[in-house]
Amino acid sequence: MLSLRSICCSSLIGLAVSAAPFGYANQATQANNQSYIPESHRALADGVLLGNFDSLDPTKKPSENFDLLDWTLTLPTDLNKDKKADIIYERPLSGGFELKPLFYTADDGGMVFACPNVGAKTSKNTKYARTELREMLRRGNTRIKTQGITENNWVFDAAHGSVKRKAGAIEGSLEATLAVNRVSTTGDEKKLGRVIIGQIHATDDEPIRLYYRKLPNNSKGSVYFAHEINGGDDEWINLIGTRSHTLANPEDGIELNEKFSYKITVENNILFVTLIRQGKPNITKSFDMSDSGYHKNNQYMYFKAGVYNQNNGGEPKDYVQATFYHLDNQH
């Protein structure tokens with residue numbers, strides 16, 4: 001198998017790649033308001049991971065185990081030398097694309113995402129590299145534009161009626177079951193061990209970035225998320241442990257290679273996040289986004305999943321990796 005360093009610096013032929021087109025009061029206390037949890041989250045059985053792993057076949061390509069026509073894949077490579085990360089669009093991705101060691105099927109049938117600390121980025125304003133899926137509701141219909149209020153993206157229910165009529169969907173959920181196999185271990189101590197495993201991206205900002213973080217001296221990792229106010233600052237909500245780079249081993253944390261599930265939902269402007277671990281009570285947190293600005297008429301959303309490495313330094317061979325066993329976007 002090629003090393004992560006060599007694959008990001010090599011020239012590959014015949015791949016279907018293209019350049020990527022691309023003052024509020026503290027609301028954190030709202031994350032603990034559990035007065036309302038939607039049925040889709042209340043119905044999740046405690047300690048039961050999402051998805052059916054028995055159907056995964058290790059001899060098949062990722063798109064043969066997962067429906068990937070709803071997604072594009074961003075890679076930490078720049079094969080066409082346009083100074084942007086390469087994109088695999090819906091039809092090539094769903095037609096059997098794989099690229100070891102960045103994106104391929106694991107020996108247990110899971111879908112592997114790996115990303116080096118240093119690699120091609122989506123834009124000059126982006127600090128970090130990724131091997132990450134981007135939701136595409138158009139499902140390969142290239143007549144529909146990828147950006148903007150189009151049938152490719154979704155909006156909040158509080159958006160204007162004319163905006164909702166143009167969008168591909170109104171609100172929705174993202175489910176995933178995964179295991180983080182590796183996190184970064186070298187470089188700036190404030191960036192060690194961080195990886196984003198799920199997102200909602202809006203026009204410019206992110207209503208949610210879901211993180212896993214394991215520090216080098218800890219055996220278990222934390223899970224937390226950031227809610228970015230549209231045009232403003234991040235609000236941080238802990239699910240297990242914290243985002244601190246000096247955190248002691250989180251007692252109830254998640255180990256590397258341990259499977260867990262998450263479900264992210266937007267319903268009536270409220271963000272709901274449920275974390276599921278085998279044999280343990282589910283953890284659900286919510287955040288009221290009514291004052292966050294994502295209901296405005298220029299705001300559109302899409303889900304993202306994979307590994308978005310949050311370390312951009314350290315040794316050349318350092319990388320992050322996660323294997324997904326279930327992925328389902330719902331609208």
# chains A, B, ... in the order shown; residues from 1 in each chain; ligands from 1
>>> closest_atom_pairs(of="stretch 177-293 of chain A", to="stretch 35-52 of chain A", cutoff="12 Å", atoms="only C-alpha atoms", output="CSV")
residue,atom,partner,partner_atom,distance
A:Thr177,CA,A:Leu50,CA,6.0
A:Leu178,CA,A:Leu49,CA,9.5
A:Ala179,CA,A:Leu49,CA,11.4
A:Glu258,CA,A:Leu49,CA,11.4
A:Lys259,CA,A:Leu49,CA,8.0
A:Phe260,CA,A:Leu49,CA,6.4
A:Ser261,CA,A:Leu49,CA,5.7
A:Tyr262,CA,A:Leu50,CA,8.2
A:Lys263,CA,A:His41,CA,7.7
A:Ile264,CA,A:His41,CA,9.1
A:Thr265,CA,A:His41,CA,8.5
A:Val266,CA,A:Pro38,CA,9.7
A:Glu267,CA,A:Pro38,CA,7.9
A:Asn268,CA,A:Pro38,CA,10.2
A:Ile270,CA,A:Ile37,CA,9.7
A:Leu271,CA,A:Ile37,CA,10.0
A:Phe272,CA,A:Ile37,CA,7.6
A:Val273,CA,A:His41,CA,8.4
A:Thr274,CA,A:His41,CA,7.0
A:Leu275,CA,A:Gly47,CA,9.3
A:Ile276,CA,A:Gly47,CA,5.8
A:Arg277,CA,A:Gly47,CA,5.2
A:Gln278,CA,A:Gly47,CA,4.3
A:Gly279,CA,A:Gly47,CA,4.2
A:Lys280,CA,A:Gly47,CA,4.6
A:Pro281,CA,A:Asp46,CA,5.0
A:Asn282,CA,A:Asp46,CA,5.2
A:Ile283,CA,A:Asp46,CA,8.9
A:Thr284,CA,A:His41,CA,8.0
A:Lys285,CA,A:Ile37,CA,8.9
A:Ser286,CA,A:Ile37,CA,8.0
A:Phe287,CA,A:Tyr36,CA,10.9
A:Asp288,CA,A:Tyr36,CA,11.0
>>> write_last_selection(atoms="N, CA and C atoms", output="tab-separated table (two decimals), in the first residue's frame")
chain	number	residue	atom	x	y	z
A	177	THR	N	-22.49	5.56	11.66
A	177	THR	CA	-21.79	4.70	12.62
A	177	THR	C	-20.37	4.56	12.12
A	178	LEU	N	-19.41	4.74	13.00
A	178	LEU	CA	-18.02	4.75	12.59
A	178	LEU	C	-17.11	4.34	13.74
A	179	ALA	N	-15.86	4.13	13.41
A	179	ALA	CA	-14.80	3.98	14.39
A	179	ALA	C	-13.64	4.85	13.93
A	258	GLU	N	-13.11	1.83	18.41
A	258	GLU	CA	-14.40	1.53	19.05
A	258	GLU	C	-15.53	2.13	18.20
A	259	LYS	N	-16.48	1.31	17.82
A	259	LYS	CA	-17.60	1.78	17.01
A	259	LYS	C	-18.56	2.62	17.86
A	260	PHE	N	-19.06	3.70	17.28
A	260	PHE	CA	-20.10	4.52	17.89
A	260	PHE	C	-20.93	5.16	16.79
A	261	SER	N	-22.09	5.67	17.16
A	261	SER	CA	-23.00	6.28	16.18
A	261	SER	C	-23.32	7.70	16.59
A	262	TYR	N	-23.67	8.50	15.58
A	262	TYR	CA	-24.22	9.82	15.87
A	262	TYR	C	-25.40	10.10	14.94
A	263	LYS	N	-26.29	10.93	15.42
A	263	LYS	CA	-27.42	11.41	14.62
A	263	LYS	C	-27.52	12.91	14.82
A	264	ILE	N	-27.46	13.65	13.72
A	264	ILE	CA	-27.58	15.11	13.73
A	264	ILE	C	-28.88	15.49	13.03
A	265	THR	N	-29.69	16.31	13.67
A	265	THR	CA	-30.97	16.71	13.10
A	265	THR	C	-31.17	18.21	13.25
A	266	VAL	N	-31.73	18.83	12.22
A	266	VAL	CA	-32.25	20.19	12.32
A	266	VAL	C	-33.75	20.11	12.18
A	267	GLU	N	-34.46	20.60	13.20
A	267	GLU	CA	-35.93	20.61	13.18
A	267	GLU	C	-36.42	21.90	13.81
A	268	ASN	N	-37.16	22.68	13.03
A	268	ASN	CA	-37.71	23.95	13.52
A	268	ASN	C	-36.63	24.85	14.13
A	270	ILE	N	-33.91	24.14	15.49
A	270	ILE	CA	-33.17	23.59	16.62
A	270	ILE	C	-32.26	22.47	16.13
A	271	LEU	N	-31.02	22.50	16.61
A	271	LEU	CA	-30.04	21.47	16.31
A	271	LEU	C	-30.07	20.41	17.40
A	272	PHE	N	-30.21	19.15	17.01
A	272	PHE	CA	-30.18	18.03	17.94
A	272	PHE	C	-29.03	17.10	17.56
A	273	VAL	N	-28.27	16.67	18.55
A	273	VAL	CA	-27.17	15.74	18.33
A	273	VAL	C	-27.28	14.62	19.36
A	274	THR	N	-27.34	13.38	18.87
A	274	THR	CA	-27.36	12.21	19.75
A	274	THR	C	-26.13	11.36	19.49
A	275	LEU	N	-25.45	10.98	20.56
A	275	LEU	CA	-24.28	10.11	20.51
A	275	LEU	C	-24.68	8.76	21.09
A	276	ILE	N	-24.36	7.68	20.35
A	276	ILE	CA	-24.74	6.33	20.76
A	276	ILE	C	-23.48	5.48	20.89
A	277	ARG	N	-23.34	4.82	22.06
A	277	ARG	CA	-22.24	3.88	22.29
A	277	ARG	C	-22.84	2.54	22.71
A	278	GLN	N	-22.22	1.46	22.30
A	278	GLN	CA	-22.76	0.14	22.58
A	278	GLN	C	-22.92	-0.09	24.07
A	279	GLY	N	-24.14	-0.47	24.46
A	279	GLY	CA	-24.41	-0.85	25.84
A	279	GLY	C	-24.44	0.27	26.84
A	280	LYS	N	-24.48	1.53	26.36
A	280	LYS	CA	-24.50	2.67	27.27
A	280	LYS	C	-25.68	3.58	26.96
A	281	PRO	N	-26.11	4.42	27.90
A	281	PRO	CA	-27.21	5.35	27.63
A	281	PRO	C	-26.83	6.34	26.53
A	282	ASN	N	-27.77	6.66	25.68
A	282	ASN	CA	-27.53	7.66	24.64
A	282	ASN	C	-27.38	9.05	25.27
A	283	ILE	N	-26.62	9.89	24.60
A	283	ILE	CA	-26.45	11.28	25.03
A	283	ILE	C	-27.01	12.18	23.95
A	284	THR	N	-27.96	13.04	24.30
A	284	THR	CA	-28.56	13.98	23.35
A	284	THR	C	-28.41	15.40	23.87
A	285	LYS	N	-27.91	16.27	23.02
A	285	LYS	CA	-27.83	17.69	23.33
A	285	LYS	C	-28.53	18.47	22.22
A	286	SER	N	-29.08	19.63	22.58
A	286	SER	CA	-29.77	20.47	21.60
A	286	SER	C	-29.25	21.89	21.67
A	287	PHE	N	-29.47	22.62	20.59
A	287	PHE	CA	-29.03	24.02	20.53
A	287	PHE	C	-30.04	24.81	19.70
A	288	ASP	N	-30.60	25.84	20.28
A	288	ASP	CA	-31.58	26.68	19.59
A	288	ASP	C	-30.85	27.65	18.66
>>> closest_atom_pairs(of="stretch 203-318 of chain A", to="stretch 57-79 of chain A", cutoff="12 Å", atoms="only C-alpha atoms", output="JSON lines")
{"residue": "A:Tyr302", "atom": "CA", "partner": "A:Trp71", "partner_atom": "CA", "distance": 10.0}
{"residue": "A:Phe303", "atom": "CA", "partner": "A:Trp71", "partner_atom": "CA", "distance": 9.3}
{"residue": "A:Lys304", "atom": "CA", "partner": "A:Trp71", "partner_atom": "CA", "distance": 8.7}
{"residue": "A:Ala305", "atom": "CA", "partner": "A:Leu73", "partner_atom": "CA", "distance": 9.5}
{"residue": "A:Gly306", "atom": "CA", "partner": "A:Leu73", "partner_atom": "CA", "distance": 9.1}
{"residue": "A:Val307", "atom": "CA", "partner": "A:Thr74", "partner_atom": "CA", "distance": 10.1}
{"residue": "A:Tyr308", "atom": "CA", "partner": "A:Pro76", "partner_atom": "CA", "distance": 9.8}
{"residue": "A:Asn309", "atom": "CA", "partner": "A:Pro76", "partner_atom": "CA", "distance": 10.0}
{"residue": "A:Asn312", "atom": "CA", "partner": "A:Pro76", "partner_atom": "CA", "distance": 11.7}
>>> select_by_dssp(residues="stretch 15-216 of chain A", states="strand (DSSP E)", output="number ranges by chain")
A: 17-19, 71-74, 86-88, 103-105, 111-116, 130-135, 154-155, 169-170, 172-182, 194-201, 208-213
>>> residues_around(residues="A:Ala322", least_positions_apart="6", cutoff="6 Å", atoms="only C-alpha atoms", output="list in words")
Val112, Phe113, Ala179, Val180 and Asn181 of chain A
>>> atom_distance(atom1="atom CA of A:Val155", atom2="atom CA of A:Glu171")
5.8 Å
>>> residues_around(residues="A:Thr122", least_positions_apart="2", cutoff="7 Å", atoms="only C-alpha atoms", output="list in words")
Ala20, Lys84, Ala85, Ala120 and Thr126 of chain A
>>> closest_residue(among="A:Asn117, A:Ser290, A:Gln299, A:Thr323", to="A:Arg130", atoms="only C-alpha atoms")
A:Asn117
>>> atom_distance(atom1="atom CA of A:Asp82", atom2="atom CA of A:Thr131")
17.7 Å
>>> residues_around(residues="stretch 241-249 of chain A", least_positions_apart="2", cutoff="9 Å", atoms="only C-alpha atoms", output="number ranges by chain")
A: 189-194, 211-215, 217-225, 236-239, 251-253
>>> atom_distance(atom1="atom CA of A:Tyr294", atom2="atom CA of A:Tyr89")
26.5 Å
>>> decode(residues="stretch 106-228 of chain A", atoms="C-alpha atoms", output="CSV table (one decimal), in the first residue's frame")
chain,number,residue,atom,x,y,z
A,106,ALA,CA,-11.7,-2.2,4.9
A,107,ASP,CA,-11.3,-5.8,5.6
A,108,ASP,CA,-14.5,-5.8,7.6
A,109,GLY,CA,-16.5,-4.0,4.8
A,110,GLY,CA,-16.4,-0.5,6.3
A,111,MET,CA,-15.7,2.6,4.2
A,112,VAL,CA,-12.3,4.0,5.1
A,113,PHE,CA,-11.4,7.7,5.1
A,114,ALA,CA,-7.8,8.7,5.7
A,115,CYS,CA,-6.1,12.1,5.5
A,116,PRO,CA,-2.6,13.3,6.2
A,117,ASN,CA,-1.9,16.4,8.3
A,118,VAL,CA,-0.5,18.2,5.3
A,119,GLY,CA,-2.4,18.0,2.0
A,120,ALA,CA,-4.3,20.0,-0.7
A,121,LYS,CA,-7.0,22.2,0.7
A,122,THR,CA,-10.4,23.3,-0.8
A,123,SER,CA,-9.4,27.0,-0.9
A,124,LYS,CA,-6.7,29.4,0.2
A,125,ASN,CA,-8.8,30.3,3.2
A,126,THR,CA,-8.9,26.7,4.5
A,127,LYS,CA,-6.3,25.7,7.1
A,128,TYR,CA,-6.8,21.9,7.0
A,129,ALA,CA,-6.9,19.0,4.6
A,130,ARG,CA,-9.7,16.5,4.4
A,131,THR,CA,-11.0,13.2,2.9
A,132,GLU,CA,-14.7,14.0,3.2
A,133,LEU,CA,-18.0,13.6,1.6
A,134,ARG,CA,-20.2,16.5,0.6
A,135,GLU,CA,-24.0,16.0,0.3
A,136,MET,CA,-25.4,16.4,-3.2
A,137,LEU,CA,-29.2,16.2,-3.4
A,138,ARG,CA,-29.1,16.5,-7.2
A,139,ARG,CA,-27.7,12.9,-7.4
A,140,GLY,CA,-25.7,13.4,-10.5
A,141,ASN,CA,-28.0,15.7,-12.3
A,142,THR,CA,-25.4,18.2,-13.5
A,143,ARG,CA,-28.0,20.6,-14.8
A,144,ILE,CA,-28.6,21.6,-11.2
A,145,LYS,CA,-26.0,24.0,-9.8
A,146,THR,CA,-24.1,22.8,-6.7
A,147,GLN,CA,-24.0,26.1,-4.9
A,148,GLY,CA,-26.8,28.5,-3.9
A,149,ILE,CA,-30.5,28.0,-3.2
A,150,THR,CA,-31.0,25.1,-5.6
A,151,GLU,CA,-32.4,21.6,-5.6
A,152,ASN,CA,-28.9,20.4,-4.6
A,153,ASN,CA,-29.1,22.0,-1.1
A,154,TRP,CA,-31.5,22.3,1.8
A,155,VAL,CA,-32.7,25.2,4.0
A,156,PHE,CA,-34.2,25.9,7.4
A,157,ASP,CA,-38.0,25.8,7.8
A,158,ALA,CA,-37.9,29.4,9.0
A,159,ALA,CA,-36.6,30.5,5.6
A,160,HIS,CA,-38.9,32.5,3.3
A,161,GLY,CA,-41.4,30.5,1.4
A,162,SER,CA,-39.9,31.4,-2.0
A,163,VAL,CA,-36.5,30.1,-0.7
A,164,LYS,CA,-38.0,26.8,0.5
A,165,ARG,CA,-39.7,26.3,-2.9
A,166,LYS,CA,-36.3,26.5,-4.7
A,167,ALA,CA,-34.4,24.3,-2.3
A,168,GLY,CA,-34.0,20.5,-2.6
A,169,ALA,CA,-35.3,19.9,0.9
A,170,ILE,CA,-36.3,21.5,4.2
A,171,GLU,CA,-34.2,20.6,7.2
A,172,GLY,CA,-33.2,16.9,7.8
A,173,SER,CA,-30.9,14.4,9.6
A,174,LEU,CA,-27.6,12.7,9.2
A,175,GLU,CA,-26.9,9.3,10.7
A,176,ALA,CA,-23.5,7.6,10.9
A,177,THR,CA,-21.8,4.7,12.6
A,178,LEU,CA,-18.0,4.7,12.6
A,179,ALA,CA,-14.8,4.0,14.4
A,180,VAL,CA,-11.9,6.4,14.5
A,181,ASN,CA,-8.8,4.3,13.8
A,182,ARG,CA,-6.1,6.9,14.1
A,183,VAL,CA,-5.6,10.5,15.1
A,184,SER,CA,-2.6,12.8,14.7
A,185,THR,CA,0.2,12.5,17.2
A,186,THR,CA,2.8,15.1,16.1
A,187,GLY,CA,2.9,18.8,15.8
A,188,ASP,CA,1.3,21.7,17.7
A,189,GLU,CA,0.0,20.3,21.0
A,190,LYS,CA,-3.2,22.4,20.6
A,191,LYS,CA,-4.0,20.6,17.4
A,192,LEU,CA,-3.0,17.0,18.4
A,193,GLY,CA,-5.6,14.3,18.0
A,194,ARG,CA,-8.4,16.4,16.5
A,195,VAL,CA,-10.6,15.3,13.6
A,196,ILE,CA,-14.1,16.4,12.5
A,197,ILE,CA,-16.3,13.5,11.6
A,198,GLY,CA,-19.5,15.2,10.6
A,199,GLN,CA,-20.8,18.6,9.7
A,200,ILE,CA,-23.6,20.8,8.4
A,201,HIS,CA,-22.1,23.4,6.2
A,202,ALA,CA,-24.0,26.6,5.3
A,203,THR,CA,-23.3,29.3,2.7
A,204,ASP,CA,-20.1,30.3,4.5
A,205,ASP,CA,-20.2,29.0,8.0
A,206,GLU,CA,-21.1,25.8,9.9
A,207,PRO,CA,-24.1,25.2,12.0
A,208,ILE,CA,-22.3,22.2,13.4
A,209,ARG,CA,-18.8,20.6,13.3
A,210,LEU,CA,-18.7,17.3,15.2
A,211,TYR,CA,-15.3,16.5,16.7
A,212,TYR,CA,-13.5,13.4,18.0
A,213,ARG,CA,-10.3,14.1,19.9
A,214,LYS,CA,-7.9,11.7,21.6
A,215,LEU,CA,-4.7,13.1,23.2
A,216,PRO,CA,-1.4,11.1,22.9
A,217,ASN,CA,-1.2,10.2,26.6
A,218,ASN,CA,-4.9,9.2,26.8
A,219,SER,CA,-6.5,5.8,26.0
A,220,LYS,CA,-9.9,7.4,25.3
A,221,GLY,CA,-11.2,10.3,23.3
A,222,SER,CA,-13.7,13.1,23.7
A,223,VAL,CA,-16.7,13.9,21.4
A,224,TYR,CA,-18.0,17.5,21.2
A,225,PHE,CA,-19.3,19.9,18.7
A,226,ALA,CA,-19.1,23.6,17.7
A,227,HIS,CA,-22.0,25.7,16.5
A,228,GLU,CA,-20.8,28.6,14.5
